[in-house]
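One file, entry-v5.tsv, carrying TSV, C-alpha atoms:
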```tsv
chain	number	residue	atom	x	y	z
A	7	MET	CA	107.36	106.83	92.49
A	8	ARG	CA	104.20	105.78	94.26
A	9	ARG	CA	103.55	102.08	93.74
A	10	PRO	CA	100.03	100.63	93.97
A	11	ASN	CA	100.57	99.27	97.50
A	12	ASP	CA	101.59	102.68	98.87
A	13	ILE	CA	98.20	104.30	99.51
A	14	GLY	CA	98.70	105.86	102.94
A	15	GLY	CA	97.03	109.28	103.05
A	16	LEU	CA	95.14	108.95	99.76
A	17	PRO	CA	91.40	109.59	99.77
A	18	ALA	CA	89.51	106.39	100.52
A	19	GLY	CA	86.21	105.16	101.87
A	20	PRO	CA	85.67	103.46	105.20
A	21	ILE	CA	87.75	100.37	105.97
A	22	GLY	CA	85.80	97.11	106.26
A	23	ARG	CA	86.84	95.52	109.54
A	24	ARG	CA	84.84	92.32	109.29
A	25	GLY	CA	87.10	89.28	109.56
A	26	HIS	CA	86.67	86.13	107.51
A	27	ASP	CA	88.14	82.65	107.51
A	28	PRO	CA	90.70	81.91	104.83
A	29	GLU	CA	89.52	79.80	101.90
A	30	PRO	CA	91.24	76.42	101.45
A	31	TRP	CA	93.04	77.68	98.30
A	32	GLU	CA	94.35	80.67	100.25
A	33	ARG	CA	95.82	78.35	102.88
A	34	LEU	CA	97.34	76.19	100.15
A	35	LEU	CA	98.86	79.22	98.43
A	36	THR	CA	100.35	80.44	101.71
A	37	ALA	CA	101.97	77.02	102.21
A	38	ILE	CA	103.35	76.92	98.66
A	39	VAL	CA	104.77	80.46	98.77
A	40	SER	CA	106.41	79.76	102.11
A	41	THR	CA	107.84	76.35	101.12
A	42	VAL	CA	109.22	77.52	97.79
A	43	GLY	CA	110.56	80.60	99.56
A	44	PRO	CA	112.02	81.40	102.96
A	45	ALA	CA	110.81	78.35	104.93
A	46	LYS	CA	112.43	75.69	102.77
A	47	ALA	CA	113.67	75.88	99.19
A	48	LYS	CA	114.68	79.59	99.36
A	49	ILE	CA	114.01	80.12	95.65
A	50	HIS	CA	112.72	83.56	96.59
A	51	CYS	CA	112.78	85.80	99.64
A	52	LEU	CA	109.87	87.78	101.08
A	53	ASP	CA	111.29	91.09	99.82
A	54	GLU	CA	111.21	89.74	96.27
A	55	PHE	CA	107.68	88.45	96.74
A	56	ARG	CA	106.53	91.87	97.96
A	57	ARG	CA	108.27	93.56	95.06
A	58	ALA	CA	106.64	91.15	92.57
A	59	ARG	CA	103.17	92.10	93.89
A	60	GLU	CA	104.00	95.82	93.77
A	61	ASP	CA	105.19	95.36	90.16
A	62	LEU	CA	101.66	94.47	88.98
A	63	GLU	CA	99.98	97.17	86.85
A	64	PRO	CA	98.13	99.55	89.22
A	65	GLU	CA	94.76	99.06	87.56
A	66	PHE	CA	95.13	95.27	87.71
A	67	TYR	CA	96.50	95.46	91.27
A	68	ASN	CA	93.48	97.42	92.45
A	69	SER	CA	91.06	94.93	90.89
A	70	LEU	CA	92.42	91.99	92.91
A	71	THR	CA	91.72	90.66	96.40
A	72	TYR	CA	94.65	90.09	98.75
A	73	PHE	CA	95.28	86.45	97.87
A	74	GLU	CA	94.67	87.12	94.18
A	75	LEU	CA	97.54	89.60	94.46
A	76	TRP	CA	99.59	86.80	95.99
A	77	THR	CA	98.66	84.49	93.11
A	78	HIS	CA	99.68	86.88	90.34
A	79	GLY	CA	102.78	88.17	92.10
A	80	PHE	CA	103.90	84.61	92.77
A	81	ILE	CA	103.32	83.43	89.20
A	82	ASN	CA	105.33	86.37	87.83
A	83	LEU	CA	108.13	85.79	90.33
A	84	MET	CA	108.34	82.07	89.51
A	85	GLN	CA	108.40	82.91	85.82
A	86	GLU	CA	111.19	85.44	86.44
A	87	LYS	CA	113.13	82.73	88.32
A	88	GLY	CA	112.64	80.21	85.51
A	89	VAL	CA	110.66	77.81	87.72
A	90	LEU	CA	107.48	77.81	85.65
A	91	THR	CA	105.66	79.90	83.08
A	92	ARG	CA	102.30	81.65	83.29
A	93	GLU	CA	101.15	79.48	80.34
A	94	GLU	CA	101.90	76.33	82.33
A	95	VAL	CA	99.87	77.60	85.29
A	96	GLU	CA	96.97	78.67	83.11
A	97	SER	CA	96.82	75.45	81.09
A	98	ARG	CA	96.93	73.38	84.30
A	99	ALA	CA	94.17	75.53	85.82
A	100	ALA	CA	92.10	75.02	82.66
A	101	GLU	CA	92.59	71.24	82.91
A	102	ILE	CA	91.42	71.24	86.53
A	103	LYS	CA	88.39	73.40	85.76
A	104	ASP	CA	87.49	71.09	82.90
A	105	ARG	CA	87.80	68.01	85.11
A	106	LEU	CA	85.62	69.58	87.81
A	107	LYS	CA	82.99	70.46	85.22
A	108	ARG	CA	82.89	66.84	84.00
A	109	THR	CA	82.49	65.43	87.50
A	110	GLU	CA	79.69	67.83	88.47
B	20	MET	CA	119.93	92.47	117.85
B	21	SER	CA	122.35	92.56	115.01
B	22	GLU	CA	125.43	94.59	115.97
B	23	VAL	CA	125.61	98.06	114.45
B	24	VAL	CA	129.02	99.25	113.40
B	25	ASN	CA	129.47	102.94	112.53
B	26	ALA	CA	125.85	104.01	112.92
B	27	LYS	CA	125.62	107.57	111.61
B	28	PHE	CA	122.87	108.61	114.04
B	29	ALA	CA	122.22	108.17	117.77
B	30	PRO	CA	118.97	108.21	119.77
B	31	GLY	CA	117.73	111.81	120.11
B	32	ASP	CA	119.33	113.02	116.86
B	33	LYS	CA	117.18	115.20	114.62
B	34	VAL	CA	116.86	113.81	111.11
B	35	ARG	CA	114.94	114.36	107.93
B	36	ILE	CA	113.63	111.52	105.81
B	37	ALA	CA	114.91	111.92	102.25
B	38	ASN	CA	112.42	113.53	99.90
B	39	ALA	CA	113.41	111.09	97.16
B	40	ASN	CA	111.23	109.48	94.57
B	41	PRO	CA	113.20	106.55	93.14
B	42	PRO	CA	111.47	103.83	91.14
B	43	GLY	CA	111.28	100.26	92.40
B	44	HIS	CA	110.69	98.59	95.75
B	45	ARG	CA	111.22	101.17	98.51
B	46	ARG	CA	110.62	100.86	102.24
B	47	VAL	CA	109.60	104.43	103.01
B	48	PRO	CA	105.93	105.28	102.37
B	49	VAL	CA	105.40	108.37	100.22
B	50	TYR	CA	103.59	110.20	103.05
B	51	ALA	CA	106.74	110.05	105.23
B	52	ARG	CA	109.23	111.32	102.65
B	53	GLY	CA	110.69	114.73	103.34
B	54	ARG	CA	109.34	114.76	106.93
B	55	PRO	CA	111.41	115.68	109.99
B	56	GLY	CA	111.84	113.22	112.84
B	57	ILE	CA	113.90	112.15	115.81
B	58	ILE	CA	115.87	108.92	116.21
B	59	GLU	CA	114.01	106.94	118.88
B	60	ARG	CA	116.38	103.94	118.82
B	61	ILE	CA	118.78	101.96	116.71
B	62	CYS	CA	117.01	98.71	115.82
B	63	GLY	CA	120.04	96.87	114.50
B	64	ALA	CA	121.71	96.33	111.14
B	65	PHE	CA	120.07	94.26	108.44
B	66	PRO	CA	120.56	93.35	104.78
B	67	ASN	CA	119.03	96.06	102.60
B	68	PRO	CA	115.55	94.84	101.59
B	69	GLU	CA	115.49	97.26	98.66
B	70	GLU	CA	118.35	95.20	97.16
B	71	ARG	CA	117.05	91.84	98.33
B	72	ALA	CA	113.80	92.63	96.51
B	73	TYR	CA	115.72	92.16	93.24
B	74	GLY	CA	117.61	88.99	94.15
B	75	PHE	CA	120.81	90.59	95.52
B	76	ASP	CA	122.16	89.78	98.99
B	77	GLY	CA	121.63	93.30	100.35
B	78	LEU	CA	125.09	93.36	101.95
B	79	PRO	CA	126.72	95.11	103.67
B	80	LYS	CA	124.05	95.32	106.34
B	81	ARG	CA	122.53	98.76	106.84
B	82	PRO	CA	121.67	100.38	110.16
B	83	LEU	CA	117.91	100.52	110.77
B	84	TYR	CA	116.43	103.19	113.04
B	85	ARG	CA	113.07	103.74	114.65
B	86	VAL	CA	112.20	107.31	113.72
B	87	ARG	CA	109.61	109.29	115.65
B	88	ILE	CA	107.61	111.76	113.56
B	89	ARG	CA	104.94	114.17	114.80
B	90	GLN	CA	101.56	113.40	113.25
B	91	THR	CA	101.10	117.13	112.64
B	92	ASP	CA	104.30	117.06	110.57
B	93	ILE	CA	102.84	114.33	108.36
B	94	TRP	CA	99.21	115.33	107.93
B	95	PRO	CA	98.55	119.07	107.43
B	96	ASP	CA	94.92	118.63	108.54
B	97	TYR	CA	95.66	116.35	111.53
B	98	LYS	CA	92.84	116.76	114.08
B	99	GLY	CA	94.36	114.91	117.06
B	100	SER	CA	96.73	116.13	119.77
B	101	ASP	CA	99.90	117.85	118.59
B	102	LYS	CA	101.74	115.42	120.88
B	103	ASP	CA	100.68	112.42	118.77
B	104	VAL	CA	103.55	110.69	117.00
B	105	LEU	CA	104.09	107.97	114.45
B	106	GLU	CA	107.13	105.71	114.64
B	107	LEU	CA	108.50	104.18	111.46
B	108	GLU	CA	111.51	101.94	110.99
B	109	ILE	CA	113.75	103.47	108.37
B	110	TYR	CA	117.14	102.48	106.97
B	111	GLU	CA	120.06	104.85	107.29
B	112	HIS	CA	120.36	105.51	103.57
B	113	TRP	CA	116.95	107.25	103.69
B	114	LEU	CA	117.95	109.62	106.50
B	115	GLU	CA	119.69	113.01	106.47
B	116	LYS	CA	120.92	115.04	109.41
B	117	ALA	CA	118.46	117.85	110.23
```
Using the file provided, produce a representation of the structure as structure tokens.
Amino acid sequence: MRRPNDIGGLPAGPIGRRGHDPEPWERLLTAIVSTVGPAKAKIHCLDEFRRAREDLEPEFYNSLTYFELWTHGFINLMQEKGVLTREEVESRAAEIKDRLKRTE
Amino acid sequence: MSEVVNAKFAPGDKVRIANANPPGHRRVPVYARGRPGIIERICGAFPNPEERAYGFDGLPKRPLYRVRIRQTDIWPDYKGSDKDVLELEIYEHWLEKA
């Protein structure tokens, strides 16, 4: 079965080769994934993290940027492991957005 | 390198990558499945990532090989030299003797 990450040889447009600096949230996410996983707590391994990203619905997968894929794969994996729930993440994100809006 | 006990293949052996289509996390891209190749080297033995992807320990370790495949055997419309090759690292359980 071809999973959404396995696109070698499929028709595609040109590949954008322009580099860009990581956003602060992307750096933070990288640190969290690594600390919770192989570098420290070992709650997950990189093979599981890859699998969790590949498990996303293909249409959803293809709508996301690289670090958005990380975000959703990681949330699902942490939910699977019983560490947190998607609802907890979303309600916390809503709180933060709300606070930012009030301080603008 | 992790010691390899009882490797089924040796450098220079002709192999074929399994033309299998199992669900789940797999480490062989679809374009390489069913293609012929040659063992370029034994890379070592490692826990099976296809098991580790689901929380298992992936033991016993599986031999991992670097497999050399001709580009013209992968892409029917390949425009480059027929000497061009692609090397992929593939676990033993994906390889058959050719």
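Contacts from chain B to chain A at a cut-off of 7 Å (all atoms listed in the file) map to Asn40, Pro41, Pro42, His44, Pro48, Val49, Tyr50, Pro68, Arg71, Ala72, Tyr73 and Gly74 of chain B.
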Quick one: everything within 8 Å of Ala39 in chain B, counting all atoms listed in the file, minus sequence neighbours fewer than 2 positions away in the same chain. Send it as an mmCIF file with C-alpha atoms, keeping the file's coordinate frame.
```cif
data_model
loop_
_atom_site.group_PDB
_atom_site.id
_atom_site.type_symbol
_atom_site.label_atom_id
_atom_site.label_comp_id
_atom_site.auth_asym_id
_atom_site.auth_seq_id
_atom_site.Cartn_x
_atom_site.Cartn_y
_atom_site.Cartn_z
ATOM 1 C CA ALA B 37 114.910 111.920 102.250
ATOM 2 C CA PRO B 41 113.200 106.550 93.140
ATOM 3 C CA ARG B 52 109.230 111.320 102.650
ATOM 4 C CA GLY B 53 110.690 114.730 103.340
#
```
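When only C-alpha atoms are used to compute distances to Gly63 in chain B, the closest of the residues B:Val34, B:Ile93, B:Val23, B:Val86 turns out to be B:Val23.
Note that the spacing between CA of Arg33 in chain A and CA of Asn82 in chain A amounts to 19.5 Å.
Among B:Val104, B:Ile109, B:Ile88, B:Ala26, the residue with the shortest atom-to-atom distance to Glu69 in chain B, counting all atoms listed in the file, is B:Ile109.
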Assuming the input is short of atoms at range 64-98 of chain A, produce N, CA and C atoms for that part as a tab-separated table (two decimals), in the frame of the given file.
```tsv
chain	number	residue	atom	x	y	z
A	64	PRO	N	99.02	99.02	88.18
A	64	PRO	CA	98.13	99.55	89.22
A	64	PRO	C	96.65	99.22	89.02
A	65	GLU	N	96.19	99.32	87.78
A	65	GLU	CA	94.76	99.06	87.56
A	65	GLU	C	94.42	97.60	87.86
A	66	PHE	N	95.31	96.71	87.43
A	66	PHE	CA	95.13	95.27	87.71
A	66	PHE	C	95.23	95.02	89.21
A	67	TYR	N	96.27	95.60	89.83
A	67	TYR	CA	96.50	95.46	91.27
A	67	TYR	C	95.24	95.80	92.05
A	68	ASN	N	94.64	96.95	91.69
A	68	ASN	CA	93.48	97.42	92.45
A	68	ASN	C	92.22	96.61	92.20
A	69	SER	N	92.23	95.75	91.17
A	69	SER	CA	91.06	94.93	90.89
A	69	SER	C	91.11	93.60	91.64
A	70	LEU	N	92.22	93.32	92.32
A	70	LEU	CA	92.42	91.99	92.91
A	70	LEU	C	92.21	92.00	94.42
A	71	THR	N	91.76	90.84	94.95
A	71	THR	CA	91.72	90.66	96.40
A	71	THR	C	93.14	90.33	96.87
A	72	TYR	N	93.32	90.29	98.19
A	72	TYR	CA	94.65	90.09	98.75
A	72	TYR	C	95.33	88.82	98.22
A	73	PHE	N	94.63	87.69	98.30
A	73	PHE	CA	95.28	86.45	97.87
A	73	PHE	C	95.33	86.31	96.35
A	74	GLU	N	94.49	87.04	95.63
A	74	GLU	CA	94.67	87.12	94.18
A	74	GLU	C	95.96	87.87	93.84
A	75	LEU	N	96.26	88.90	94.62
A	75	LEU	CA	97.54	89.60	94.46
A	75	LEU	C	98.69	88.63	94.68
A	76	TRP	N	98.57	87.83	95.72
A	76	TRP	CA	99.59	86.80	95.99
A	76	TRP	C	99.75	85.90	94.78
A	77	THR	N	98.62	85.44	94.23
A	77	THR	CA	98.66	84.49	93.11
A	77	THR	C	99.44	85.09	91.94
A	78	HIS	N	99.06	86.31	91.53
A	78	HIS	CA	99.68	86.88	90.34
A	78	HIS	C	101.13	87.30	90.58
A	79	GLY	N	101.40	87.83	91.77
A	79	GLY	CA	102.78	88.17	92.10
A	79	GLY	C	103.65	86.93	92.10
A	80	PHE	N	103.11	85.85	92.65
A	80	PHE	CA	103.90	84.61	92.77
A	80	PHE	C	104.15	83.99	91.39
A	81	ILE	N	103.13	83.98	90.55
A	81	ILE	CA	103.32	83.43	89.20
A	81	ILE	C	104.40	84.22	88.47
A	82	ASN	N	104.32	85.54	88.52
A	82	ASN	CA	105.33	86.37	87.83
A	82	ASN	C	106.73	86.13	88.38
A	83	LEU	N	106.82	86.00	89.71
A	83	LEU	CA	108.13	85.79	90.33
A	83	LEU	C	108.70	84.43	89.92
A	84	MET	N	107.86	83.40	89.89
A	84	MET	CA	108.34	82.07	89.51
A	84	MET	C	108.73	82.04	88.04
A	85	GLN	N	108.03	82.82	87.23
A	85	GLN	CA	108.40	82.91	85.82
A	85	GLN	C	109.75	83.61	85.68
A	86	GLU	N	109.92	84.70	86.44
A	86	GLU	CA	111.19	85.44	86.44
A	86	GLU	C	112.36	84.54	86.85
A	87	LYS	N	112.09	83.62	87.80
A	87	LYS	CA	113.13	82.73	88.32
A	87	LYS	C	113.34	81.51	87.43
A	88	GLY	N	112.51	81.35	86.40
A	88	GLY	CA	112.64	80.21	85.51
A	88	GLY	C	112.08	78.92	86.07
A	89	VAL	N	111.22	79.02	87.09
A	89	VAL	CA	110.66	77.81	87.72
A	89	VAL	C	109.48	77.29	86.91
A	90	LEU	N	108.62	78.19	86.47
A	90	LEU	CA	107.48	77.81	85.65
A	90	LEU	C	107.05	79.02	84.84
A	91	THR	N	106.15	78.77	83.87
A	91	THR	CA	105.66	79.90	83.08
A	91	THR	C	104.18	80.12	83.38
A	92	ARG	N	103.72	81.32	83.09
A	92	ARG	CA	102.30	81.65	83.29
A	92	ARG	C	101.43	80.71	82.43
A	93	GLU	N	101.91	80.39	81.23
A	93	GLU	CA	101.15	79.48	80.34
A	93	GLU	C	100.95	78.13	81.00
A	94	GLU	N	102.01	77.63	81.65
A	94	GLU	CA	101.90	76.33	82.33
A	94	GLU	C	100.83	76.38	83.43
A	95	VAL	N	100.84	77.47	84.19
A	95	VAL	CA	99.87	77.60	85.29
A	95	VAL	C	98.46	77.67	84.71
A	96	GLU	N	98.30	78.48	83.66
A	96	GLU	CA	96.97	78.67	83.11
A	96	GLU	C	96.44	77.41	82.44
A	97	SER	N	97.31	76.66	81.76
A	97	SER	CA	96.82	75.45	81.09
A	97	SER	C	96.47	74.38	82.13
A	98	ARG	N	97.25	74.34	83.22
A	98	ARG	CA	96.93	73.38	84.30
A	98	ARG	C	95.62	73.77	84.98
```
